[in-house]
$ cat protein37.cif   # mmCIF, C-alpha atoms and all ligand atoms
data_run
loop_
_atom_site.group_PDB
_atom_site.id
_atom_site.type_symbol
_atom_site.label_atom_id
_atom_site.label_comp_id
_atom_site.auth_asym_id
_atom_site.auth_seq_id
_atom_site.Cartn_x
_atom_site.Cartn_y
_atom_site.Cartn_z
ATOM 1 C CA MET A 597 -46.160 79.722 4.040
ATOM 2 C CA ASN A 598 -44.777 76.577 2.347
ATOM 3 C CA LYS A 599 -43.151 73.618 4.159
ATOM 4 C CA VAL A 600 -39.612 74.555 3.076
ATOM 5 C CA ASP A 601 -39.967 78.058 4.523
ATOM 6 C CA LEU A 602 -41.443 76.718 7.765
ATOM 7 C CA LYS A 603 -38.478 74.335 8.139
ATOM 8 C CA LEU A 604 -36.013 77.173 7.407
ATOM 9 C CA MET A 605 -37.767 79.379 9.958
ATOM 10 C CA ASP A 606 -37.536 76.626 12.619
ATOM 11 C CA ASP A 607 -33.844 76.099 11.854
ATOM 12 C CA ILE A 608 -33.150 79.844 12.053
ATOM 13 C CA LYS A 609 -34.975 80.159 15.372
ATOM 14 C CA ARG A 610 -33.021 77.204 16.795
ATOM 15 C CA ILE A 611 -29.591 78.376 15.608
ATOM 16 C CA LYS A 612 -30.020 81.992 16.671
ATOM 17 C CA GLN A 613 -31.038 80.715 20.101
ATOM 18 C CA GLU A 614 -28.097 78.271 20.324
ATOM 19 C CA LYS A 615 -25.561 80.850 19.145
ATOM 20 C CA SER A 616 -27.201 83.800 20.891
ATOM 21 C CA ILE A 617 -27.578 85.925 17.755
ATOM 22 C CA TYR A 618 -30.000 88.869 17.635
ATOM 23 C CA ILE A 619 -31.799 89.437 14.317
ATOM 24 C CA ILE A 620 -32.711 93.029 13.446
ATOM 25 C CA ALA A 621 -34.882 93.498 10.343
ATOM 26 C CA HIS A 622 -36.249 96.433 8.391
ATOM 27 C CA TYR A 623 -39.967 96.704 7.569
ATOM 28 C CA TYR A 624 -39.180 96.200 3.853
ATOM 29 C CA GLN A 625 -37.919 92.669 4.475
ATOM 30 C CA ARG A 626 -39.899 89.682 3.206
ATOM 31 C CA ASP A 627 -42.850 88.673 5.435
ATOM 32 C CA GLU A 628 -41.194 85.448 6.609
ATOM 33 C CA ILE A 629 -38.041 87.362 7.615
ATOM 34 C CA GLN A 630 -40.088 89.841 9.635
ATOM 35 C CA ASP A 631 -41.644 86.807 11.338
ATOM 36 C CA ILE A 632 -38.307 85.373 12.559
ATOM 37 C CA ALA A 633 -36.740 88.724 13.534
ATOM 38 C CA ASP A 634 -36.129 89.655 17.168
ATOM 39 C CA PHE A 635 -36.620 93.311 16.307
ATOM 40 C CA ILE A 636 -38.261 95.064 13.331
ATOM 41 C CA GLY A 637 -37.924 98.799 12.882
ATOM 42 C CA ASP A 638 -37.281 101.815 10.709
ATOM 43 C CA SER A 639 -33.671 102.705 9.981
ATOM 44 C CA TYR A 640 -33.267 104.820 13.143
ATOM 45 C CA ALA A 641 -34.857 102.242 15.437
ATOM 46 C CA MET A 642 -32.629 99.547 13.886
ATOM 47 C CA ALA A 643 -29.512 101.571 14.755
ATOM 48 C CA ILE A 644 -30.650 102.041 18.364
ATOM 49 C CA ALA A 645 -31.667 98.367 18.609
ATOM 50 C CA ALA A 646 -28.148 97.359 17.520
ATOM 51 C CA LYS A 647 -26.625 99.551 20.237
ATOM 52 C CA GLU A 648 -28.986 98.061 22.827
ATOM 53 C CA SER A 649 -28.830 94.467 21.569
ATOM 54 C CA PRO A 650 -28.788 91.871 24.366
ATOM 55 C CA CYS A 651 -26.457 89.686 22.215
ATOM 56 C CA LYS A 652 -22.863 90.252 21.123
ATOM 57 C CA THR A 653 -23.618 89.016 17.610
ATOM 58 C CA ILE A 654 -26.246 90.751 15.480
ATOM 59 C CA LEU A 655 -27.562 89.811 12.050
ATOM 60 C CA VAL A 656 -28.872 92.835 10.154
ATOM 61 C CA ALA A 657 -31.594 91.979 7.620
ATOM 62 C CA GLY A 658 -31.555 95.184 5.617
ATOM 63 C CA VAL A 659 -29.425 96.934 3.006
ATOM 64 C CA ASP A 660 -25.688 97.568 3.422
ATOM 65 C CA PHE A 661 -25.814 101.047 4.974
ATOM 66 C CA MET A 662 -27.946 99.610 7.803
ATOM 67 C CA ALA A 663 -25.363 96.919 8.627
ATOM 68 C CA GLN A 664 -22.533 99.465 8.294
ATOM 69 C CA THR A 665 -24.308 101.842 10.691
ATOM 70 C CA ALA A 666 -24.699 99.031 13.236
ATOM 71 C CA ALA A 667 -21.004 98.120 12.817
ATOM 72 C CA MET A 668 -19.927 101.726 13.411
ATOM 73 C CA LEU A 669 -22.175 102.180 16.453
ATOM 74 C CA CYS A 670 -21.214 98.823 17.993
ATOM 75 C CA PRO A 671 -17.455 98.278 17.541
ATOM 76 C CA ASP A 672 -17.521 95.698 20.354
ATOM 77 C CA LYS A 673 -20.152 93.552 18.605
ATOM 78 C CA ILE A 674 -20.081 91.231 15.574
ATOM 79 C CA ILE A 675 -22.378 92.462 12.803
ATOM 80 C CA LEU A 676 -23.438 89.898 10.202
ATOM 81 C CA SER A 677 -24.975 90.571 6.794
ATOM 82 C CA PRO A 678 -26.747 87.675 5.047
ATOM 83 C CA GLU A 679 -26.353 89.357 1.624
ATOM 84 C CA THR A 680 -23.603 91.930 1.167
ATOM 85 C CA ARG A 681 -24.863 92.826 -2.323
ATOM 86 C CA ALA A 682 -28.129 94.159 -0.850
ATOM 87 C CA THR A 683 -27.498 97.856 -1.280
ATOM 88 C CA CYS A 684 -29.342 101.158 -1.770
ATOM 89 C CA PRO A 685 -28.899 102.764 -5.212
ATOM 90 C CA MET A 686 -29.727 106.185 -3.789
ATOM 91 C CA ALA A 687 -27.053 105.841 -1.079
ATOM 92 C CA ASN A 688 -24.521 104.826 -3.731
ATOM 93 C CA SER A 689 -25.159 107.844 -5.900
ATOM 94 C CA THR A 690 -23.227 110.194 -3.582
ATOM 95 C CA PHE A 691 -19.556 111.020 -4.109
ATOM 96 C CA VAL A 692 -17.117 112.252 -1.459
ATOM 97 C CA GLU A 693 -15.531 114.709 -3.942
ATOM 98 C CA ASP A 694 -18.888 116.469 -4.454
ATOM 99 C CA ILE A 695 -19.282 116.998 -0.714
ATOM 100 C CA LEU A 696 -15.698 118.214 -0.307
ATOM 101 C CA ASP A 697 -16.115 120.616 -3.261
ATOM 102 C CA TYR A 698 -19.299 121.999 -1.692
ATOM 103 C CA LYS A 699 -17.618 122.390 1.710
ATOM 104 C CA ARG A 700 -14.714 124.223 0.082
ATOM 105 C CA ASP A 701 -17.153 126.686 -1.523
ATOM 106 C CA HIS A 702 -19.398 126.965 1.574
ATOM 107 C CA PRO A 703 -17.159 126.525 4.633
ATOM 108 C CA ASP A 704 -19.897 127.656 7.054
ATOM 109 C CA ALA A 705 -22.625 125.332 5.767
ATOM 110 C CA ILE A 706 -23.845 122.289 7.704
ATOM 111 C CA VAL A 707 -23.751 119.013 5.758
ATOM 112 C CA ILE A 708 -26.643 116.748 6.783
ATOM 113 C CA SER A 709 -26.508 113.263 5.401
ATOM 114 C CA TYR A 710 -29.470 110.939 5.336
ATOM 115 C CA VAL A 711 -28.474 107.662 6.953
ATOM 116 C CA ASN A 712 -28.939 106.108 3.468
ATOM 117 C CA THR A 713 -25.281 106.836 2.617
ATOM 118 C CA PRO A 714 -22.034 104.858 2.689
ATOM 119 C CA ALA A 715 -19.701 105.321 5.704
ATOM 120 C CA GLU A 716 -17.288 107.431 3.578
ATOM 121 C CA ILE A 717 -20.045 110.023 3.034
ATOM 122 C CA LYS A 718 -21.002 110.075 6.721
ATOM 123 C CA ALA A 719 -17.311 110.686 7.467
ATOM 124 C CA VAL A 720 -17.427 114.025 5.600
ATOM 125 C CA SER A 721 -20.846 115.023 7.006
ATOM 126 C CA ASP A 722 -21.576 117.112 10.089
ATOM 127 C CA ILE A 723 -24.639 115.185 11.215
ATOM 128 C CA CYS A 724 -26.757 112.264 10.028
ATOM 129 C CA CYS A 725 -30.533 111.966 10.067
ATOM 130 C CA THR A 726 -33.255 109.507 9.150
ATOM 131 C CA SER A 727 -36.784 110.152 7.934
ATOM 132 C CA SER A 728 -38.064 109.792 11.519
ATOM 133 C CA ASN A 729 -35.825 112.441 13.057
ATOM 134 C CA ALA A 730 -34.681 114.843 10.278
ATOM 135 C CA GLU A 731 -37.208 117.537 11.135
ATOM 136 C CA LYS A 732 -36.483 117.412 14.869
ATOM 137 C CA ILE A 733 -32.727 117.589 14.233
ATOM 138 C CA ILE A 734 -32.890 120.482 11.783
ATOM 139 C CA ARG A 735 -35.128 122.491 14.149
ATOM 140 C CA GLN A 736 -32.231 122.439 16.644
ATOM 141 C CA LEU A 737 -29.665 123.830 14.190
ATOM 142 C CA PRO A 738 -29.056 127.602 14.099
ATOM 143 C CA GLU A 739 -31.971 129.164 12.180
ATOM 144 C CA LYS A 740 -29.803 131.095 9.743
ATOM 145 C CA SER A 741 -27.457 128.209 8.966
ATOM 146 C CA ARG A 742 -26.986 127.130 5.377
ATOM 147 C CA ILE A 743 -27.788 123.424 4.986
ATOM 148 C CA PHE A 744 -26.559 120.970 2.366
ATOM 149 C CA PHE A 745 -28.948 118.021 2.462
ATOM 150 C CA ILE A 746 -27.646 114.778 0.930
ATOM 151 C CA PRO A 747 -28.492 112.605 -0.965
ATOM 152 C CA ASP A 748 -32.313 112.447 -1.102
ATOM 153 C CA ARG A 749 -33.626 115.570 -2.780
ATOM 154 C CA ASN A 750 -37.278 114.649 -2.119
ATOM 155 C CA LEU A 751 -36.735 114.142 1.600
ATOM 156 C CA GLY A 752 -34.781 117.409 1.757
ATOM 157 C CA ILE A 753 -37.445 119.416 -0.083
ATOM 158 C CA ASN A 754 -40.280 117.876 1.940
ATOM 159 C CA ILE A 755 -38.611 118.792 5.240
ATOM 160 C CA ALA A 756 -37.515 122.238 4.062
ATOM 161 C CA ARG A 757 -41.125 123.038 3.071
ATOM 162 C CA ARG A 758 -42.437 122.005 6.493
ATOM 163 C CA LEU A 759 -39.835 124.234 8.132
ATOM 164 C CA GLY A 760 -40.335 127.099 5.677
ATOM 165 C CA ARG A 761 -36.711 126.969 4.576
ATOM 166 C CA ILE A 762 -34.650 126.306 1.483
ATOM 167 C CA PHE A 763 -31.646 123.952 1.584
ATOM 168 C CA ASP A 764 -28.967 123.128 -0.943
ATOM 169 C CA TYR A 765 -29.728 119.688 -2.374
ATOM 170 C CA TYR A 766 -27.942 116.758 -3.895
ATOM 171 C CA TYR A 767 -29.559 115.372 -7.036
ATOM 172 C CA SER A 768 -30.613 111.904 -5.995
ATOM 173 C CA SER A 769 -33.753 110.115 -4.906
ATOM 174 C CA CYS A 770 -35.154 106.652 -4.278
ATOM 175 C CA PRO A 771 -36.155 104.851 -7.501
ATOM 176 C CA ILE A 772 -38.782 102.838 -5.614
ATOM 177 C CA HIS A 773 -40.592 105.750 -3.968
ATOM 178 C CA ALA A 774 -40.530 107.556 -7.332
ATOM 179 C CA ARG A 775 -43.180 105.033 -8.381
ATOM 180 C CA VAL A 776 -45.767 106.655 -6.097
ATOM 181 C CA THR A 777 -47.488 109.199 -8.330
ATOM 182 C CA LYS A 778 -50.019 111.944 -7.621
ATOM 183 C CA LYS A 779 -52.178 110.685 -10.510
ATOM 184 C CA GLU A 780 -52.415 107.158 -9.124
ATOM 185 C CA ILE A 781 -53.092 108.383 -5.570
ATOM 186 C CA LEU A 782 -55.949 110.570 -6.806
ATOM 187 C CA GLN A 783 -57.428 107.619 -8.744
ATOM 188 C CA LEU A 784 -57.186 105.396 -5.657
ATOM 189 C CA LYS A 785 -58.870 108.046 -3.512
ATOM 190 C CA GLN A 786 -61.795 108.049 -5.963
ATOM 191 C CA LYS A 787 -62.028 104.274 -5.868
ATOM 192 C CA TYR A 788 -61.536 103.837 -2.106
ATOM 193 C CA LEU A 789 -63.715 106.559 -0.606
ATOM 194 C CA ASN A 790 -62.647 107.995 2.771
ATOM 195 C CA ALA A 791 -59.220 106.367 2.582
ATOM 196 C CA LEU A 792 -56.412 108.317 4.259
ATOM 197 C CA VAL A 793 -53.171 108.689 2.293
ATOM 198 C CA LEU A 794 -49.993 107.858 4.252
ATOM 199 C CA VAL A 795 -46.662 108.286 2.484
ATOM 200 C CA HIS A 796 -42.932 108.124 3.137
ATOM 201 C CA PRO A 797 -41.048 111.466 2.840
ATOM 202 C CA GLU A 798 -38.865 109.937 0.084
ATOM 203 C CA CYS A 799 -41.903 110.407 -2.205
ATOM 204 C CA ASP A 800 -42.130 113.265 -4.671
ATOM 205 C CA PRO A 801 -43.157 116.593 -3.021
ATOM 206 C CA GLU A 802 -46.347 116.703 -5.137
ATOM 207 C CA VAL A 803 -47.366 113.358 -3.607
ATOM 208 C CA VAL A 804 -46.487 114.560 -0.112
ATOM 209 C CA GLU A 805 -48.655 117.659 -0.655
ATOM 210 C CA ILE A 806 -51.817 115.563 -1.021
ATOM 211 C CA ALA A 807 -51.040 113.124 1.800
ATOM 212 C CA ASP A 808 -52.835 113.023 5.154
ATOM 213 C CA TYR A 809 -49.695 111.808 6.925
ATOM 214 C CA VAL A 810 -45.996 111.791 6.003
ATOM 215 C CA GLY A 811 -43.547 109.760 8.040
ATOM 216 C CA SER A 812 -40.978 107.014 8.332
ATOM 217 C CA THR A 813 -41.954 103.364 7.998
ATOM 218 C CA ALA A 814 -42.436 103.122 11.781
ATOM 219 C CA GLY A 815 -44.422 106.381 11.696
ATOM 220 C CA ILE A 816 -46.772 105.028 9.008
ATOM 221 C CA LEU A 817 -47.348 101.849 11.012
ATOM 222 C CA LYS A 818 -48.087 103.749 14.219
ATOM 223 C CA TYR A 819 -50.357 106.252 12.480
ATOM 224 C CA THR A 820 -52.433 103.452 10.899
ATOM 225 C CA CYS A 821 -52.887 101.605 14.189
ATOM 226 C CA ASP A 822 -53.656 104.743 16.228
ATOM 227 C CA SER A 823 -56.044 106.285 13.690
ATOM 228 C CA LYS A 824 -59.831 106.046 14.050
ATOM 229 C CA ALA A 825 -60.057 105.671 10.253
ATOM 230 C CA SER A 826 -60.382 102.188 8.783
ATOM 231 C CA ARG A 827 -59.006 102.525 5.225
ATOM 232 C CA PHE A 828 -55.494 103.623 4.203
ATOM 233 C CA ILE A 829 -53.577 104.124 0.963
ATOM 234 C CA ILE A 830 -49.947 103.318 1.777
ATOM 235 C CA GLY A 831 -47.173 105.045 -0.195
ATOM 236 C CA THR A 832 -44.029 103.140 0.670
ATOM 237 C CA GLU A 833 -42.366 99.790 -0.041
ATOM 238 C CA CYS A 834 -44.754 96.801 0.101
ATOM 239 C CA GLY A 835 -42.956 95.055 3.004
ATOM 240 C CA ILE A 836 -44.541 97.444 5.511
ATOM 241 C CA MET A 837 -47.982 95.952 4.719
ATOM 242 C CA HIS A 838 -47.126 92.746 6.615
ATOM 243 C CA SER A 839 -46.177 94.513 9.839
ATOM 244 C CA ILE A 840 -49.194 96.842 9.696
ATOM 245 C CA GLN A 841 -51.563 93.963 8.984
ATOM 246 C CA LYS A 842 -50.160 92.023 11.936
ATOM 247 C CA ALA A 843 -50.337 95.024 14.284
ATOM 248 C CA CYS A 844 -53.866 96.089 13.304
ATOM 249 C CA PRO A 845 -55.600 93.340 11.283
ATOM 250 C CA ALA A 846 -58.971 95.127 11.140
ATOM 251 C CA LYS A 847 -57.622 97.988 8.987
ATOM 252 C CA GLU A 848 -58.025 97.965 5.203
ATOM 253 C CA LEU A 849 -54.718 98.680 3.447
ATOM 254 C CA ILE A 850 -54.257 99.654 -0.189
ATOM 255 C CA LEU A 851 -50.717 99.868 -1.608
ATOM 256 C CA ALA A 852 -50.263 103.082 -3.625
ATOM 257 C CA SER A 853 -48.714 101.175 -6.539
ATOM 258 C CA SER A 854 -48.146 97.511 -7.366
ATOM 259 C CA GLU A 855 -44.540 98.439 -8.275
ATOM 260 C CA LEU A 856 -43.443 99.308 -4.744
ATOM 261 C CA ILE A 857 -40.883 96.528 -4.340
ATOM 262 C CA CYS A 858 -37.253 97.238 -3.407
ATOM 263 C CA PRO A 859 -35.284 94.398 -5.070
ATOM 264 C CA ASN A 860 -32.298 94.989 -2.823
ATOM 265 C CA MET A 861 -34.355 94.568 0.348
ATOM 266 C CA LYS A 862 -35.989 91.496 -1.165
ATOM 267 C CA SER A 863 -32.634 89.928 -2.132
ATOM 268 C CA ILE A 864 -32.326 88.739 1.478
ATOM 269 C CA THR A 865 -33.940 85.336 1.897
ATOM 270 C CA LEU A 866 -34.437 82.776 4.676
ATOM 271 C CA ASP A 867 -31.789 80.424 3.253
ATOM 272 C CA LYS A 868 -29.213 83.260 3.122
ATOM 273 C CA ILE A 869 -30.004 84.100 6.754
ATOM 274 C CA LEU A 870 -29.611 80.454 7.770
ATOM 275 C CA TYR A 871 -26.240 80.246 5.959
ATOM 276 C CA SER A 872 -25.102 83.467 7.618
ATOM 277 C CA LEU A 873 -26.031 82.198 11.105
ATOM 278 C CA GLU A 874 -24.441 78.777 10.546
ATOM 279 C CA ASN A 875 -21.175 80.145 9.143
ATOM 280 C CA LEU A 876 -21.042 83.502 10.943
ATOM 281 C CA GLU A 877 -20.689 85.253 7.566
ATOM 282 C CA THR A 878 -20.359 87.936 6.336
ATOM 283 C CA VAL A 879 -18.906 90.020 9.154
ATOM 284 C CA ILE A 880 -19.302 93.741 8.358
ATOM 285 C CA THR A 881 -16.506 96.071 9.404
ATOM 286 C CA VAL A 882 -15.700 99.673 8.605
ATOM 287 C CA GLU A 883 -12.120 100.855 8.251
ATOM 288 C CA GLU A 884 -11.153 102.629 11.508
ATOM 289 C CA SER A 885 -9.975 105.847 9.788
ATOM 290 C CA ILE A 886 -13.486 106.195 8.255
ATOM 291 C CA ARG A 887 -15.365 104.976 11.345
ATOM 292 C CA GLU A 888 -13.736 107.466 13.696
ATOM 293 C CA LYS A 889 -15.042 110.367 11.571
ATOM 294 C CA ALA A 890 -18.426 108.897 10.580
ATOM 295 C CA ILE A 891 -19.283 107.988 14.170
ATOM 296 C CA LEU A 892 -19.226 111.686 15.095
ATOM 297 C CA ALA A 893 -22.084 112.390 12.630
ATOM 298 C CA LEU A 894 -24.010 109.322 13.818
ATOM 299 C CA GLU A 895 -23.589 110.139 17.509
ATOM 300 C CA LYS A 896 -24.640 113.724 16.890
ATOM 301 C CA MET A 897 -27.821 112.377 15.224
ATOM 302 C CA ILE A 898 -28.599 110.267 18.296
ATOM 303 C CA GLU A 899 -27.896 113.194 20.648
ATOM 304 C CA TYR A 900 -30.189 115.589 18.723
ATOM 305 C CA ALA A 901 -32.885 112.965 18.073
ATOM 306 C CA SER A 902 -33.105 112.120 21.754
ATOM 307 C CA ALA A 903 -32.979 115.752 22.983
HETATM 308 P P1 LIG A 1001 -37.128 104.378 7.166
HETATM 309 O O1 LIG A 1001 -36.088 105.054 7.984
HETATM 310 O O2 LIG A 1001 -38.433 105.089 7.153
HETATM 311 O O3 LIG A 1001 -37.282 102.955 7.617
HETATM 312 O O4 LIG A 1001 -36.665 104.367 5.647
HETATM 313 C C1 LIG A 1001 -35.546 103.683 5.190
HETATM 314 C C2 LIG A 1001 -35.550 103.511 3.736
HETATM 315 O O5 LIG A 1001 -34.659 102.982 3.138
HETATM 316 C C3 LIG A 1001 -36.709 104.027 3.030
HETATM 317 O O6 LIG A 1001 -36.623 103.736 1.691
HETATM 318 FE FE1 LIG A 1002 -32.849 102.560 -0.962
HETATM 319 FE FE2 LIG A 1002 -35.282 103.149 -1.859
HETATM 320 FE FE3 LIG A 1002 -34.658 100.586 -1.361
HETATM 321 FE FE4 LIG A 1002 -34.987 102.360 0.668
HETATM 322 S S1 LIG A 1002 -36.541 101.627 -0.788
HETATM 323 S S2 LIG A 1002 -33.331 100.877 0.444
HETATM 324 S S3 LIG A 1002 -34.155 104.233 -0.256
HETATM 325 S S4 LIG A 1002 -33.745 101.928 -2.922
#

$ encode --input "protein37.cif" --output "structure tokens"
Amino acid sequence: MNKVDLKLMDDIKRIKQEKSIYIIAHYYQRDEIQDIADFIGDSYAMAIAAKESPCKTILVAGVDFMAQTAAMLCPDKIILSPETRATCPMANSTFVEDILDYKRDHPDAIVISYVNTPAEIKAVSDICCTSSNAEKIIRQLPEKSRIFFIPDRNLGINIARRLGRIFDYYYSSCPIHARVTKKEILQLKQKYLNALVLVHPECDPEVVEIADYVGSTAGILKYTCDSKASRFIIGTECGIMHSIQKACPAKELILASSELICPNMKSITLDKILYSLENLETVITVEESIREKAILALEKMIEYASA
């Protein structure tokens, strides 16, 4: 860590203490941001942490749908984003008209939206999910129900296969997780003998098929620390490596590809966080007519995930 970063980190720690601001970060954030966060989690844990925050003001170090979700779940709190342009290209590839068209054609279907969606999409969905709870939620839906899974086709297919079902899918996926390939994983397994392969369910189904464990970012971290194995090939964004290394330093970690960097997650920096804390900018709000519909899908997710 260089001197400038250390000074920024000290300033951030002081200001968040003075102003009583809670910092919630995703595992894909830069190492130094994970180090100053009050809470680090996967997208579901971040949403719950916002609800349970001990402070009235929360800074969300993550992409826009994460800050929006916190704003919708905590209307009595102030949600700050240090970089409003940090977004998720997969989340932005969904269109309300497509969902409404589908619902018109399939009025009995259940629309499940991955939390990686804008508030407008959640507002026309029946229930939300994240990679950590999708399977548990879908198991509680009527067995014969027709499901429209949006927007991540890979996540949808991977869950449907585990449940022995077929869903209707939206044609989108994460451009970062697409960089994990079966070919590269097989080469790494040859090079790093006895390594276990742990991947995020946003990866291609053919990658998931050869993995030893498939789970959310928090799931991958927990699996690595709990496992008796010592060597792991990690198939998700590189930021997770920092948290795993801190939690279980004796484990050997190999990133599945050197390209696993989400530029949107990495567009948040210490100086942007400091500016945001000093100026209480940018406050994230969601128009009430959208929030009152989207919150139903989010609350249903929490109800089913905690059942
Ligand atoms: P997690 O819910 O596993 O943290 O995933 C969020 C995400 O954006 C993955 O690309
Ligand atoms: Fe979106 Fe993929 Fe980045 Fe996650 S890693 S925020 S799904 S682009």

$ resolve_selection --input "protein37.cif" --expression "the PyMOL selection byres (((chain A and resi 784) around 10) and not hetatm)" --output "ChimeraX atom specification"
/A:778-783,785-789,791,793,829,850-853

$ resolve_selection --input "protein37.cif" --expression "the PyMOL selection byres (((chain A and resi 714) around 10) and not hetatm)" --output "list of chain:residue names"
A:Asp660, A:Phe661, A:Met662, A:Gln664, A:Thr665, A:Thr683, A:Cys684, A:Ala687, A:Asn688, A:Ser689, A:Thr690, A:Phe691, A:Val692, A:Ser709, A:Tyr710, A:Val711, A:Asn712, A:Thr713, A:Ala715, A:Glu716, A:Ile717, A:Lys718, A:Ala719, A:Ala890

$ residues_near_ligand --input "protein37.cif" --ligand "ligand LIG 1002 (chain A)" --cutoff "10 Å" --atoms "all atoms listed in the file" --output "ChimeraX atom specification"
/A:622,624,639,658-662,682-688,710-713,748,769-774,796,798-799,832-835,856-862

$ closest_atom_pairs --input "protein37.cif" --of "segment 694-743 of chain A" --to "segment 759-767 of chain A" --cutoff "8 Å" --atoms "only C-alpha atoms" --output "Markdown table"
| residue | atom | partner | partner_atom | distance |
| --- | --- | --- | --- | --- |
| A:Glu731 | CA | A:Leu759 | CA | 7.8 |
| A:Arg735 | CA | A:Leu759 | CA | 7.8 |
| A:Arg742 | CA | A:Phe763 | CA | 6.8 |
| A:Ile743 | CA | A:Phe763 | CA | 5.2 |

$ write_last_selection --input "protein37.cif" --atoms "C-alpha atoms" --output "compact mmCIF listing (two decimals), keeping the file's coordinate frame"
# COMPACT_ATOMS: atom_id res chain seq x y z
CA GLU A 731 -37.21 117.54 11.14
CA ARG A 735 -35.13 122.49 14.15
CA ARG A 742 -26.99 127.13 5.38
CA ILE A 743 -27.79 123.42 4.99

$ resolve_selection --input "protein37.cif" --expression "the PyMOL selection byres (((chain A and resi 646) around 8) and not hetatm)" --output "list in words"
Ile620, Met642, Ala643, Ile644, Ala645, Lys647, Glu648, Ser649, Ile654, Ala666, Leu669 and Cys670 of chain A

$ residues_near_ligand --input "protein37.cif" --ligand "ligand LIG 1001 (chain A)" --cutoff "6 Å" --atoms "all atoms listed in the file" --output "PDB file with C-alpha atoms, in the frame of the given file"
ATOM      1  CA  ASP A 638     -37.281 101.815  10.709  1.00  0.00           C
ATOM      2  CA  SER A 639     -33.671 102.705   9.981  1.00  0.00           C
ATOM      3  CA  TYR A 640     -33.267 104.820  13.143  1.00  0.00           C
ATOM      4  CA  THR A 726     -33.255 109.507   9.150  1.00  0.00           C
ATOM      5  CA  SER A 727     -36.784 110.152   7.934  1.00  0.00           C
ATOM      6  CA  SER A 812     -40.978 107.014   8.332  1.00  0.00           C
ATOM      7  CA  THR A 813     -41.954 103.364   7.998  1.00  0.00           C
TER       8      THR A 813
END

$ atom_distance --input "protein37.cif" --atom1 "atom CA of Thr653 of chain A" --atom2 "atom CA of Tyr618 of chain A"
6.4 Å

$ closest_residue --input "protein37.cif" --among "A:Asn729, A:Val804, A:Ser721, A:Pro671" --to "Ile753 of chain A" --atoms "all atoms listed in the file"
A:Val804

$ closest_residue --input "protein37.cif" --among "A:Met597, A:Met605, A:Ala667, A:Cys651" --to "Glu884 of chain A" --atoms "only C-alpha atoms"
A:Ala667

$ atom_distance --input "protein37.cif" --atom1 "atom CA of Ser728 of chain A" --atom2 "atom CA of Val656 of chain A"
19.3 Å

$ atom_distance --input "protein37.cif" --atom1 "atom CA of Gly811 of chain A" --atom2 "atom CA of Asp634 of chain A"
23.3 Å

$ closest_residue --input "protein37.cif" --among "A:Glu848, A:Glu895, A:Asp607, A:Glu679" --to "Lys868 of chain A" --atoms "only C-alpha atoms"
A:Glu679

$ axis_aligned_box --input "protein37.cif" --around "segment 725-740 of chain A" --padding-each-side "8 Å" --output "lines of an AutoDock Vina configuration file"
center_x = -33.6
center_y = 120.3
center_z = 12.3
size_x = 25.0
size_y = 37.6
size_z = 24.7

$ residues_around --input "protein37.cif" --residues "Asp822 of chain A" --least-positions-apart "6" --cutoff "12 Å" --atoms "all atoms listed in the file" --output "list in words"
Gly815, Ile816, Ile840, Ala843, Cys844 and Lys847 of chain A

$ closest_residue --input "protein37.cif" --among "A:Ser902, A:Ser839, A:Asn875, A:Thr680" --to "Ile636 of chain A" --atoms "all atoms listed in the file"
A:Ser839

$ closest_residue --input "protein37.cif" --among "A:Ser823, A:Ser768, A:Ser872, A:Ser854" --to "Arg749 of chain A" --atoms "only C-alpha atoms"
A:Ser768

$ closest_residue --input "protein37.cif" --among "A:Leu751, A:Gln613, A:Thr881, A:Leu602" --to "Ile675 of chain A" --atoms "all atoms listed in the file"
A:Thr881
